[in-house]
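Colleague: One file is attached below, input.cif, containing mmCIF, C-alpha atoms.
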data_coords
#
loop_
_atom_site.group_PDB
_atom_site.id
_atom_site.type_symbol
_atom_site.label_atom_id
_atom_site.label_comp_id
_atom_site.auth_asym_id
_atom_site.auth_seq_id
_atom_site.Cartn_x
_atom_site.Cartn_y
_atom_site.Cartn_z
ATOM 1 C CA MET A 132 59.570 93.114 106.391
ATOM 2 C CA LYS A 133 58.000 92.337 103.025
ATOM 3 C CA PRO A 134 59.711 93.952 100.022
ATOM 4 C CA THR A 135 57.767 96.256 97.741
ATOM 5 C CA GLU A 136 57.349 95.264 94.102
ATOM 6 C CA GLN A 137 60.085 97.771 93.203
ATOM 7 C CA GLN A 138 62.457 96.250 95.763
ATOM 8 C CA LYS A 139 61.585 92.657 94.866
ATOM 9 C CA ILE A 140 62.595 93.135 91.222
ATOM 10 C CA ILE A 141 66.065 94.272 92.356
ATOM 11 C CA ILE A 142 66.419 91.513 94.958
ATOM 12 C CA ASP A 143 65.507 88.846 92.403
ATOM 13 C CA TYR A 144 67.847 90.115 89.688
ATOM 14 C CA ASN A 145 71.029 88.089 89.183
ATOM 15 C CA GLY A 146 73.709 90.039 87.368
ATOM 16 C CA ASN A 147 75.720 93.232 87.301
ATOM 17 C CA SER A 148 73.527 96.125 88.346
ATOM 18 C CA VAL A 149 73.354 99.761 89.340
ATOM 19 C CA VAL A 150 70.740 100.718 91.915
ATOM 20 C CA VAL A 151 70.040 104.450 92.020
ATOM 21 C CA ALA A 152 68.386 104.824 95.403
ATOM 22 C CA ALA A 153 66.734 107.858 96.947
ATOM 23 C CA PRO A 154 66.984 108.519 100.707
ATOM 24 C CA GLY A 155 64.589 106.361 102.708
ATOM 25 C CA SER A 156 63.929 103.999 99.794
ATOM 26 C CA GLY A 157 65.148 100.897 101.648
ATOM 27 C CA LYS A 158 68.477 100.403 99.895
ATOM 28 C CA THR A 159 70.139 98.753 102.908
ATOM 29 C CA PHE A 160 67.202 96.348 103.170
ATOM 30 C CA VAL A 161 67.537 95.510 99.469
ATOM 31 C CA ILE A 162 71.312 94.986 99.701
ATOM 32 C CA SER A 163 71.018 92.782 102.783
ATOM 33 C CA GLN A 164 68.285 90.651 101.204
ATOM 34 C CA LYS A 165 70.359 90.143 98.051
ATOM 35 C CA ILE A 166 73.425 89.191 100.093
ATOM 36 C CA LYS A 167 71.388 86.728 102.167
ATOM 37 C CA ARG A 168 70.429 84.969 98.936
ATOM 38 C CA ASN A 169 74.017 85.018 97.683
ATOM 39 C CA LEU A 170 75.339 83.448 100.878
ATOM 40 C CA HIS A 171 72.858 80.599 100.659
ATOM 41 C CA ASN A 172 74.310 79.492 97.310
ATOM 42 C CA LEU A 173 78.025 79.931 98.048
ATOM 43 C CA LYS A 174 80.548 77.282 99.029
ATOM 44 C CA GLU A 175 82.450 77.631 102.311
ATOM 45 C CA HIS A 176 85.589 79.023 100.654
ATOM 46 C CA GLU A 177 83.578 81.573 98.647
ATOM 47 C CA GLY A 178 82.200 84.916 99.762
ATOM 48 C CA VAL A 179 80.730 88.316 99.094
ATOM 49 C CA ILE A 180 82.592 91.628 99.145
ATOM 50 C CA ALA A 181 80.370 94.243 100.794
ATOM 51 C CA ILE A 182 81.929 97.714 100.838
ATOM 52 C CA SER A 183 80.459 100.530 102.925
ATOM 53 C CA TYR A 184 81.777 104.060 103.263
ATOM 54 C CA THR A 185 82.259 103.939 107.063
ATOM 55 C CA ASN A 186 82.966 101.263 109.659
ATOM 56 C CA LYS A 187 79.632 102.031 111.346
ATOM 57 C CA ALA A 188 77.688 101.531 108.117
ATOM 58 C CA SER A 189 79.634 98.337 107.453
ATOM 59 C CA THR A 190 78.764 96.907 110.882
ATOM 60 C CA GLU A 191 75.084 97.719 110.354
ATOM 61 C CA LEU A 192 75.048 96.038 106.937
ATOM 62 C CA LYS A 193 76.834 92.946 108.238
ATOM 63 C CA ASN A 194 74.422 92.613 111.162
ATOM 64 C CA ARG A 195 71.434 92.880 108.843
ATOM 65 C CA CYS A 196 72.874 90.358 106.387
ATOM 66 C CA LEU A 197 73.470 87.843 109.183
ATOM 67 C CA SER A 198 70.368 88.689 111.255
ATOM 68 C CA ASN A 199 68.902 85.182 111.010
ATOM 69 C CA GLY A 200 72.122 83.346 111.725
ATOM 70 C CA GLU A 201 73.276 83.197 108.124
ATOM 71 C CA ASN A 202 76.731 81.739 107.532
ATOM 72 C CA PRO A 203 78.962 84.520 106.140
ATOM 73 C CA LYS A 204 81.152 81.895 104.453
ATOM 74 C CA SER A 205 84.364 83.709 103.387
ATOM 75 C CA SER A 206 82.767 87.130 102.947
ATOM 76 C CA PHE A 207 84.293 90.536 103.561
ATOM 77 C CA PHE A 208 82.404 93.417 105.196
ATOM 78 C CA GLY A 209 84.243 96.718 105.570
ATOM 79 C CA THR A 210 85.578 99.850 103.900
ATOM 80 C CA ILE A 211 87.430 99.894 100.599
ATOM 81 C CA ASP A 212 90.719 100.789 102.328
ATOM 82 C CA LYS A 213 90.366 97.843 104.685
ATOM 83 C CA PHE A 214 89.628 95.514 101.765
ATOM 84 C CA ASN A 215 92.559 96.789 99.728
ATOM 85 C CA LEU A 216 94.959 96.395 102.637
ATOM 86 C CA SER A 217 93.886 92.962 103.855
ATOM 87 C CA GLU A 218 92.999 91.278 100.564
ATOM 88 C CA VAL A 219 95.305 92.897 98.007
ATOM 89 C CA LEU A 220 98.130 95.188 99.050
ATOM 90 C CA ILE A 221 99.686 93.546 102.105
ATOM 91 C CA PRO A 222 99.510 89.818 101.206
ATOM 92 C CA PHE A 223 100.372 90.176 97.538
ATOM 93 C CA GLY A 224 102.686 93.139 97.965
ATOM 94 C CA LYS A 225 104.872 90.746 99.943
ATOM 95 C CA LEU A 226 104.963 88.405 96.951
ATOM 96 C CA LEU A 227 105.790 91.193 94.484
ATOM 97 C CA PHE A 228 108.247 93.261 96.521
ATOM 98 C CA GLY A 229 109.482 91.116 99.399
ATOM 99 C CA ILE A 230 108.795 90.771 103.119
ATOM 100 C CA PRO A 231 108.848 94.075 105.081
ATOM 101 C CA SER A 232 111.602 94.407 107.673
ATOM 102 C CA THR A 233 109.051 95.135 110.433
ATOM 103 C CA ASP A 234 105.323 94.994 111.108
ATOM 104 C CA ILE A 235 103.412 97.173 108.674
ATOM 105 C CA LYS A 236 102.046 100.479 109.912
ATOM 106 C CA ILE A 237 99.473 102.605 108.079
ATOM 107 C CA ILE A 238 100.338 106.278 108.493
ATOM 108 C CA LYS A 239 99.686 109.665 106.923
ATOM 109 C CA LYS A 240 102.210 111.311 104.644
ATOM 110 C CA ASP A 241 102.532 114.305 106.970
ATOM 111 C CA SER A 242 103.988 112.126 109.715
ATOM 112 C CA LEU A 243 107.003 111.265 107.529
ATOM 113 C CA GLU A 244 108.692 114.664 107.690
ATOM 114 C CA ASN A 245 111.649 113.342 109.653
ATOM 115 C CA PHE A 246 111.770 109.897 108.043
ATOM 116 C CA GLU A 247 113.506 110.836 104.792
ATOM 117 C CA ASN A 248 114.420 113.989 102.928
ATOM 118 C CA GLU A 249 112.782 113.088 99.629
ATOM 119 C CA SER A 250 109.839 115.223 98.499
ATOM 120 C CA LEU A 251 106.438 113.608 98.800
ATOM 121 C CA ASP A 252 104.414 116.501 97.406
ATOM 122 C CA TRP A 253 103.238 114.297 94.534
ATOM 123 C CA ILE A 254 101.443 111.905 96.868
ATOM 124 C CA ASP A 255 97.691 112.308 97.269
ATOM 125 C CA ARG A 256 94.566 110.187 96.867
ATOM 126 C CA ASN A 257 93.884 111.632 93.403
ATOM 127 C CA LEU A 258 97.132 110.405 91.821
ATOM 128 C CA LEU A 259 96.286 108.152 88.874
ATOM 129 C CA LEU A 260 97.897 104.812 88.148
ATOM 130 C CA THR A 261 99.135 106.196 84.819
ATOM 131 C CA ASP A 262 101.118 108.817 86.785
ATOM 132 C CA LEU A 263 102.926 106.171 88.840
ATOM 133 C CA ASP A 264 106.303 106.127 87.108
ATOM 134 C CA LYS A 265 109.216 103.902 88.097
ATOM 135 C CA GLU A 266 110.742 106.478 90.456
ATOM 136 C CA LYS A 267 107.494 107.036 92.356
ATOM 137 C CA LEU A 268 106.820 103.305 92.503
ATOM 138 C CA ASN A 269 110.280 102.661 93.962
ATOM 139 C CA ILE A 270 109.557 105.170 96.735
ATOM 140 C CA LEU A 271 106.323 103.395 97.662
ATOM 141 C CA VAL A 272 108.034 99.992 97.515
ATOM 142 C CA ASN A 273 110.865 101.282 99.717
ATOM 143 C CA TYR A 274 108.364 102.441 102.324
ATOM 144 C CA PHE A 275 106.571 99.101 102.090
ATOM 145 C CA LEU A 276 109.781 97.163 102.691
ATOM 146 C CA ASN A 277 110.404 99.383 105.727
ATOM 147 C CA GLY A 278 106.965 98.502 107.095
ATOM 148 C CA ILE A 279 105.134 101.672 106.036
ATOM 149 C CA ILE A 280 102.063 102.171 103.852
ATOM 150 C CA LEU A 281 100.881 105.733 103.367
ATOM 151 C CA ILE A 282 97.131 106.181 103.765
ATOM 152 C CA GLU A 283 97.009 108.454 100.723
ATOM 153 C CA THR A 284 98.435 105.712 98.470
ATOM 154 C CA ILE A 285 96.320 102.705 99.501
ATOM 155 C CA GLY A 286 93.983 102.845 96.494
ATOM 156 C CA LEU A 287 96.741 103.635 94.001
ATOM 157 C CA PHE A 288 99.150 101.012 95.333
ATOM 158 C CA SER A 289 96.428 98.349 95.542
ATOM 159 C CA ASN A 290 95.427 98.928 91.927
ATOM 160 C CA TYR A 291 99.043 98.450 90.903
ATOM 161 C CA VAL A 292 99.370 95.209 92.884
ATOM 162 C CA LEU A 293 96.096 93.834 91.504
ATOM 163 C CA ASP A 294 97.274 94.569 87.946
ATOM 164 C CA GLN A 295 100.710 93.045 88.443
ATOM 165 C CA SER A 296 99.989 90.004 90.604
ATOM 166 C CA ILE A 297 98.482 87.011 88.790
ATOM 167 C CA ALA A 298 98.308 85.281 92.188
ATOM 168 C CA CYS A 299 96.165 88.131 93.536
ATOM 169 C CA GLN A 300 93.842 87.961 90.532
ATOM 170 C CA ASN A 301 93.460 84.188 90.910
ATOM 171 C CA TYR A 302 92.795 84.556 94.633
ATOM 172 C CA ILE A 303 90.078 87.186 94.131
ATOM 173 C CA LYS A 304 88.521 85.188 91.283
ATOM 174 C CA ALA A 305 88.371 81.959 93.296
ATOM 175 C CA LYS A 306 87.122 83.503 96.541
ATOM 176 C CA TYR A 307 84.710 86.332 95.725
ATOM 177 C CA LYS A 308 81.609 85.804 93.602
ATOM 178 C CA PHE A 309 79.772 89.069 94.359
ATOM 179 C CA MET A 310 80.896 92.627 95.049
ATOM 180 C CA TYR A 311 78.639 95.305 96.491
ATOM 181 C CA ILE A 312 79.597 98.954 96.987
ATOM 182 C CA ASP A 313 77.163 101.220 98.827
ATOM 183 C CA GLU A 314 77.209 105.041 98.567
ATOM 184 C CA TYR A 315 78.805 104.726 95.142
ATOM 185 C CA GLN A 316 78.223 108.433 94.500
ATOM 186 C CA ASP A 317 81.151 109.006 96.865
ATOM 187 C CA SER A 318 83.544 106.727 94.983
ATOM 188 C CA GLY A 319 86.977 107.919 93.973
ATOM 189 C CA GLN A 320 88.845 106.813 90.868
ATOM 190 C CA HIS A 321 90.744 104.016 92.633
ATOM 191 C CA GLN A 322 87.660 102.425 94.198
ATOM 192 C CA HIS A 323 85.901 102.649 90.829
ATOM 193 C CA ASP A 324 88.855 100.941 89.111
ATOM 194 C CA ILE A 325 89.053 98.153 91.711
ATOM 195 C CA PHE A 326 85.300 97.557 91.362
ATOM 196 C CA LEU A 327 85.526 97.167 87.574
ATOM 197 C CA LYS A 328 88.626 94.976 87.778
ATOM 198 C CA ILE A 329 86.960 92.566 90.188
ATOM 199 C CA LYS A 330 83.870 92.532 87.948
ATOM 200 C CA ASN A 331 86.114 91.627 85.018
ATOM 201 C CA LEU A 332 87.523 88.760 87.065
ATOM 202 C CA GLY A 333 84.038 87.244 87.071
ATOM 203 C CA ALA A 334 82.303 88.591 90.174
ATOM 204 C CA ASN A 335 78.757 89.929 89.941
ATOM 205 C CA ALA A 336 79.126 93.673 90.606
ATOM 206 C CA ILE A 337 76.398 95.733 92.284
ATOM 207 C CA ALA A 338 76.742 99.492 92.814
ATOM 208 C CA VAL A 339 74.237 101.379 94.971
ATOM 209 C CA GLY A 340 74.027 105.138 95.363
ATOM 210 C CA ASP A 341 72.228 108.423 94.827
ATOM 211 C CA LEU A 342 73.335 110.833 92.106
ATOM 212 C CA ASN A 343 72.066 113.767 94.185
ATOM 213 C CA GLN A 344 73.944 113.045 97.406
ATOM 214 C CA SER A 345 77.699 113.212 96.723
ATOM 215 C CA ILE A 346 79.288 115.408 99.422
ATOM 216 C CA TYR A 347 82.984 114.481 99.167
ATOM 217 C CA ALA A 348 84.021 116.182 95.911
ATOM 218 C CA PHE A 349 86.736 118.036 97.835
ATOM 219 C CA SER A 350 88.558 114.718 98.367
ATOM 220 C CA GLY A 351 88.306 113.396 94.826
ATOM 221 C CA LYS A 352 84.953 111.627 95.218
ATOM 222 C CA ASP A 353 82.477 112.147 92.403
ATOM 223 C CA ALA A 354 78.988 110.990 91.422
ATOM 224 C CA LYS A 355 80.251 110.808 87.827
ATOM 225 C CA PHE A 356 81.436 107.245 88.464
ATOM 226 C CA LEU A 357 77.920 106.159 89.450
ATOM 227 C CA LYS A 358 76.532 107.927 86.387
ATOM 228 C CA GLU A 359 79.151 106.228 84.233
ATOM 229 C CA LEU A 360 78.057 102.809 85.506
ATOM 230 C CA SER A 361 74.394 103.633 84.939
ATOM 231 C CA GLU A 362 75.224 104.256 81.270
ATOM 232 C CA ASN A 363 77.355 101.097 80.958
ATOM 233 C CA ASP A 364 75.685 98.421 78.824
ATOM 234 C CA THR A 365 77.095 95.623 80.971
ATOM 235 C CA PHE A 366 75.080 96.849 83.984
ATOM 236 C CA GLU A 367 71.329 96.715 84.438
ATOM 237 C CA GLN A 368 69.995 99.912 86.014
ATOM 238 C CA PHE A 369 67.273 99.966 88.671
ATOM 239 C CA ILE A 370 65.599 102.882 90.412
ATOM 240 C CA LEU A 371 64.527 102.948 94.061
ATOM 241 C CA ASP A 372 62.625 106.210 94.333
ATOM 242 C CA LYS A 373 59.821 105.518 96.806
ATOM 243 C CA ASN A 374 60.743 107.117 100.127
ATOM 244 C CA HIS A 375 59.431 105.055 103.051
ATOM 245 C CA ARG A 376 60.891 107.381 105.683
ATOM 246 C CA CYS A 377 59.396 110.805 104.891
ATOM 247 C CA HIS A 378 55.936 112.229 104.342
ATOM 248 C CA PRO A 379 55.221 112.798 100.603
ATOM 249 C CA SER A 380 55.130 116.568 101.092
ATOM 250 C CA ILE A 381 58.700 116.501 102.423
ATOM 251 C CA ILE A 382 59.752 114.418 99.421
ATOM 252 C CA ASN A 383 58.144 117.005 97.113
ATOM 253 C CA TYR A 384 59.948 119.824 98.906
ATOM 254 C CA SER A 385 63.326 118.048 98.714
ATOM 255 C CA ASN A 386 62.898 117.180 95.043
ATOM 256 C CA TYR A 387 61.959 120.771 94.244
ATOM 257 C CA LEU A 388 65.094 122.051 95.996
ATOM 258 C CA LEU A 389 67.193 119.779 93.789
ATOM 259 C CA ASN A 390 65.268 120.507 90.609
ATOM 260 C CA ASP A 391 62.468 123.062 90.253
ATOM 261 C CA LYS A 392 61.188 121.075 87.256
ATOM 262 C CA ALA A 393 60.898 117.818 89.185
ATOM 263 C CA VAL A 394 57.546 116.015 88.975
ATOM 264 C CA MET A 395 55.703 116.367 92.280
ATOM 265 C CA ILE A 396 53.630 113.696 94.008
ATOM 266 C CA PRO A 397 50.055 114.885 93.397
ATOM 267 C CA ASN A 398 47.292 115.577 95.949
ATOM 268 C CA VAL A 399 49.575 115.671 98.968
ATOM 269 C CA GLU A 400 48.705 117.427 102.223
ATOM 270 C CA SER A 401 51.590 119.781 102.983
ATOM 271 C CA ARG A 402 53.600 119.227 106.142
ATOM 272 C CA VAL A 403 56.273 121.703 105.171
ATOM 273 C CA TYR A 404 56.062 125.039 107.009
ATOM 274 C CA HIS A 405 57.960 128.278 106.668
ATOM 275 C CA PHE A 406 59.090 130.401 109.620
ATOM 276 C CA GLU A 407 61.348 133.427 109.750
ATOM 277 C CA THR A 408 63.523 134.796 112.531
ATOM 278 C CA GLU A 409 66.230 137.441 112.525
ATOM 279 C CA GLY A 410 69.853 136.778 113.465
ATOM 280 C CA ASP A 411 72.459 134.040 113.021
ATOM 281 C CA GLU A 412 72.455 130.290 113.748
ATOM 282 C CA SER A 413 72.270 130.943 117.500
ATOM 283 C CA SER A 414 69.148 133.042 116.990
ATOM 284 C CA ILE A 415 67.557 130.221 115.013
ATOM 285 C CA ALA A 416 68.410 127.734 117.777
ATOM 286 C CA ASN A 417 66.910 130.042 120.410
ATOM 287 C CA PHE A 418 63.779 130.449 118.290
ATOM 288 C CA LEU A 419 63.390 126.679 118.056
ATOM 289 C CA ASP A 420 63.948 126.208 121.791
ATOM 290 C CA LYS A 421 61.288 128.757 122.666
ATOM 291 C CA ASN A 422 58.752 127.562 120.121
ATOM 292 C CA LEU A 423 59.382 123.834 120.025
ATOM 293 C CA ILE A 424 56.136 122.823 121.707
ATOM 294 C CA ARG A 425 54.074 125.160 119.520
ATOM 295 C CA LEU A 426 55.813 123.953 116.351
ATOM 296 C CA LYS A 427 55.352 120.320 117.389
ATOM 297 C CA ASN A 428 51.613 120.850 117.823
ATOM 298 C CA ILE A 429 51.392 122.454 114.364
ATOM 299 C CA LEU A 430 53.310 119.640 112.700
ATOM 300 C CA ILE A 431 51.258 116.946 114.441
#
Mind turning this structure into structure tokens?
Modeller:
Amino acid sequence: MKPTEQQKIIIDYNGNSVVVAAPGSGKTFVISQKIKRNLHNLKEHEGVIAISYTNKASTELKNRCLSNGENPKSSFFGTIDKFNLSEVLIPFGKLLFGIPSTDIKIIKKDSLENFENESLDWIDRNLLLTDLDKEKLNILVNYFLNGIILIETIGLFSNYVLDQSIACQNYIKAKYKFMYIDEYQDSGQHQHDIFLKIKNLGANAIAVGDLNQSIYAFSGKDAKFLKELSENDTFEQFILDKNHRCHPSIINYSNYLLNDKAVMIPNVESRVYHFETEGDESSIANFLDKNLIRLKNILI
């Protein structure tokens, strides 16, 4: 696949960047092409951090980055929780706090009801590092030494370890030269902080996302972090707005739904149709089942 001029500019750019990418604009292609180039110039002990929101997305990105037999060197492909656990919290938590008495297990707070009587109501993924006082920290360290890390505290605890452990900072600085985070519009505070800290350790930082697609606000995720990066003078901003997946009329319709003042693609044959049927979701499904062939012929 040959990159478009818009994609090529992003692929060729070397430096901290924010890529605001619309659906179907080829962002995964762009990321994989950039990582391929990075890998070519890295030493064996060096690598790329490539963070995806899900394990499935991470596997797809890794496969595309290594599709021609590229050497991954010492790269990491995975979710932010997996990175924090394997590269920060567990190895360097042992140096800061001591060796756990048993193999570490990652569990939810709710499963600790019978473990101890202390209140854990303060624990959630939105707790800021500035709220982690000595008493709260001692509770997390106590769990760690007993072989327990609470899922809800992975980001918080990892940020603390990265701040406190010079060994961790030196390790990250020596090993990782690039950091990519996809779906940045769904970043939480802790992922955002880790990203900036690793950038400040010298890694080239690349954030990719869509300001219009954040769907995890209920769990502390917010497109504001992507917007913040796009306004940061230390990042170059790029736009990927050409949709290669949808017909232009569908793009116009989607853009209008998001913003009725959006500029439409001119002179486009419409492939968006309006149908009405009475009832609930089941009625709509029945309508589609009965009229699928007819609708298909209209759309073709």
Colleague: List the residues selected by the PyMOL selection byres ((chain A and resi 212-217) around 9) in the file shown, writing them as a VMD selection string.
Modeller: chain A and resid 180 182 207 to 211 218 to 222 282 285 to 286 288 to 290 322 325
Colleague: Can you write just those residues out, C-alpha atoms, as a CSV table (one decimal), in the coordinates of the input?
Modeller:
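Written file, selection-v4.csv:
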chain,number,residue,atom,x,y,z
A,180,ILE,CA,82.6,91.6,99.1
A,182,ILE,CA,81.9,97.7,100.8
A,207,PHE,CA,84.3,90.5,103.6
A,208,PHE,CA,82.4,93.4,105.2
A,209,GLY,CA,84.2,96.7,105.6
A,210,THR,CA,85.6,99.8,103.9
A,211,ILE,CA,87.4,99.9,100.6
A,218,GLU,CA,93.0,91.3,100.6
A,219,VAL,CA,95.3,92.9,98.0
A,220,LEU,CA,98.1,95.2,99.0
A,221,ILE,CA,99.7,93.5,102.1
A,222,PRO,CA,99.5,89.8,101.2
A,282,ILE,CA,97.1,106.2,103.8
A,285,ILE,CA,96.3,102.7,99.5
A,286,GLY,CA,94.0,102.8,96.5
A,288,PHE,CA,99.2,101.0,95.3
A,289,SER,CA,96.4,98.3,95.5
A,290,ASN,CA,95.4,98.9,91.9
A,322,GLN,CA,87.7,102.4,94.2
A,325,ILE,CA,89.1,98.2,91.7
Colleague: Give me the residues within 10 Å of His171 of chain A as a list in words, counting only C-alpha atoms and dropping any in the same chain fewer than 2 places off.
Modeller: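 Near neighbours after the sequence-gap exclusion: Ile166, Lys167, Arg168, Asn169, Leu173, Lys174, Glu201, Asn202, Pro203 and Lys204 of chain A.
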Colleague: I'd like the interatomic distance between atom CA of Val292 of chain A and atom CA of Gly229 of chain A, to a tenth of an Å.
Modeller: 12.7 Å
Colleague: Of the residues A:Leu342, A:Val149, A:Ile279, A:Leu327, which is the one nearest to Lys355 of chain A, using all atoms listed in the file?
Modeller: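 Closest residue, counting all atoms listed in the file: A:Leu342.
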Colleague: Using all atoms listed in the file, which of A:Thr190, A:Gln295, A:Asn257, A:Ser183 sits nearest Phe223 of chain A?
Modeller: A:Gln295
Colleague: Choose the residue, out of A:Leu243, A:Ile312, A:Leu281, A:Leu332, that has the smallest atom-to-atom separation from Arg256 of chain A; count all atoms listed in the file.
Modeller: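 Smallest separation from Arg256 of chain A among the options: A:Leu281.
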Colleague: Taking (73.5, 98.9, 84.8) in the file's coordinates as the center, which residues reach within 9 Å of it, counting all atoms listed in the file, put as a VMD selection string?
Modeller: chain A and resid 147 to 150 337 to 338 360 to 369
Colleague: Between atom CA of Lys193 of chain A and atom CA of Phe309 of chain A, what is the distance, to one decimal in Å?
Modeller: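 According to the coordinates, atom CA of Lys193 of chain A and atom CA of Phe309 of chain A are separated by 14.7 Å.
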Colleague: Which is closest to Tyr311 of chain A among A:Asn422, A:Asn269, A:Thr135, A:Ser163, if we use only C-alpha atoms?
Modeller: A:Ser163
Colleague: What does the distance from atom CA of Thr284 of chain A to atom CA of Thr261 of chain A come to in Å, to one decimal?
Modeller: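 The value is 13.7 Å.
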Colleague: How would you write as an mmCIF file with C-alpha atoms, in the coordinates of the input the residues that get within 10 Å of (58.9, 98.2, 93.5) in the file's frame, counting all atoms listed in the file?
Modeller:
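Saved as selection14.cif:
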data_model
loop_
_atom_site.group_PDB
_atom_site.id
_atom_site.type_symbol
_atom_site.label_atom_id
_atom_site.label_comp_id
_atom_site.auth_asym_id
_atom_site.auth_seq_id
_atom_site.Cartn_x
_atom_site.Cartn_y
_atom_site.Cartn_z
ATOM 1 C CA PRO A 134 59.711 93.952 100.022
ATOM 2 C CA THR A 135 57.767 96.256 97.741
ATOM 3 C CA GLU A 136 57.349 95.264 94.102
ATOM 4 C CA GLN A 137 60.085 97.771 93.203
ATOM 5 C CA GLN A 138 62.457 96.250 95.763
ATOM 6 C CA LYS A 139 61.585 92.657 94.866
ATOM 7 C CA ILE A 140 62.595 93.135 91.222
ATOM 8 C CA ILE A 141 66.065 94.272 92.356
ATOM 9 C CA SER A 156 63.929 103.999 99.794
ATOM 10 C CA PHE A 369 67.273 99.966 88.671
ATOM 11 C CA ILE A 370 65.599 102.882 90.412
ATOM 12 C CA LEU A 371 64.527 102.948 94.061
ATOM 13 C CA ASP A 372 62.625 106.210 94.333
ATOM 14 C CA LYS A 373 59.821 105.518 96.806
#
Colleague: Identify all residues satisfying the PyMOL selection byres ((chain A and resi 233) around 7) in the given file; provide them as a list of chain:residue names.
Modeller: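 When the PyMOL selection byres ((chain A and resi 233) around 7) is applied, the selected residues are A:Pro231, A:Ser232, A:Asp234, A:Ile235, A:Asn277, A:Gly278.
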Colleague: Pull out every residue that the PyMOL selection byres ((chain A and resi 302) around 12) matches in the shown coordinates and put them as a PDB file with C-alpha atoms, keeping the file's coordinate frame.
Modeller:
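See part_12.pdb below for the written result:
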ATOM      1  CA  HIS A 176      85.589  79.023 100.654  1.00  0.00           C
ATOM      2  CA  GLU A 177      83.578  81.573  98.647  1.00  0.00           C
ATOM      3  CA  GLY A 178      82.200  84.916  99.762  1.00  0.00           C
ATOM      4  CA  GLU A 218      92.999  91.278 100.564  1.00  0.00           C
ATOM      5  CA  VAL A 219      95.305  92.897  98.007  1.00  0.00           C
ATOM      6  CA  PRO A 222      99.510  89.818 101.206  1.00  0.00           C
ATOM      7  CA  PHE A 223     100.372  90.176  97.538  1.00  0.00           C
ATOM      8  CA  LEU A 293      96.096  93.834  91.504  1.00  0.00           C
ATOM      9  CA  SER A 296      99.989  90.004  90.604  1.00  0.00           C
ATOM     10  CA  ILE A 297      98.482  87.011  88.790  1.00  0.00           C
ATOM     11  CA  ALA A 298      98.308  85.281  92.188  1.00  0.00           C
ATOM     12  CA  CYS A 299      96.165  88.131  93.536  1.00  0.00           C
ATOM     13  CA  GLN A 300      93.842  87.961  90.532  1.00  0.00           C
ATOM     14  CA  ASN A 301      93.460  84.188  90.910  1.00  0.00           C
ATOM     15  CA  ILE A 303      90.078  87.186  94.131  1.00  0.00           C
ATOM     16  CA  LYS A 304      88.521  85.188  91.283  1.00  0.00           C
ATOM     17  CA  ALA A 305      88.371  81.959  93.296  1.00  0.00           C
ATOM     18  CA  LYS A 306      87.122  83.503  96.541  1.00  0.00           C
ATOM     19  CA  TYR A 307      84.710  86.332  95.725  1.00  0.00           C
ATOM     20  CA  LYS A 308      81.609  85.804  93.602  1.00  0.00           C
ATOM     21  CA  ILE A 329      86.960  92.566  90.188  1.00  0.00           C
ATOM     22  CA  LEU A 332      87.523  88.760  87.065  1.00  0.00           C
ATOM     23  CA  GLY A 333      84.038  87.244  87.071  1.00  0.00           C
TER      24      GLY A 333
END
Colleague: Measuring between all atoms listed in the file, which one of A:Leu276, A:Ala188, A:Val339, A:Cys196 shows the shortest distance to Pro154 of chain A?
Modeller: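 That would be A:Val339, the residue with the smallest distance to Pro154 of chain A.
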Colleague: Could you tell me which of A:Lys328, A:Lys240, A:Lys133, A:His323 comes closest to Ala354 of chain A if we count only C-alpha atoms?
Modeller: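 Selected residue with least distance to Ala354 of chain A: A:His323.
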Colleague: Output as AutoDock Vina command-line options the centre and edge lengths (Å, one decimal) of the box along x, y and z of the file that holds every listed atom of segment 358-373 of chain A after adding 8 Å on each side.
Modeller:
--center_x 69.5 --center_y 101.8 --center_z 87.8 --size_x 35.3 --size_y 28.3 --size_z 34.0
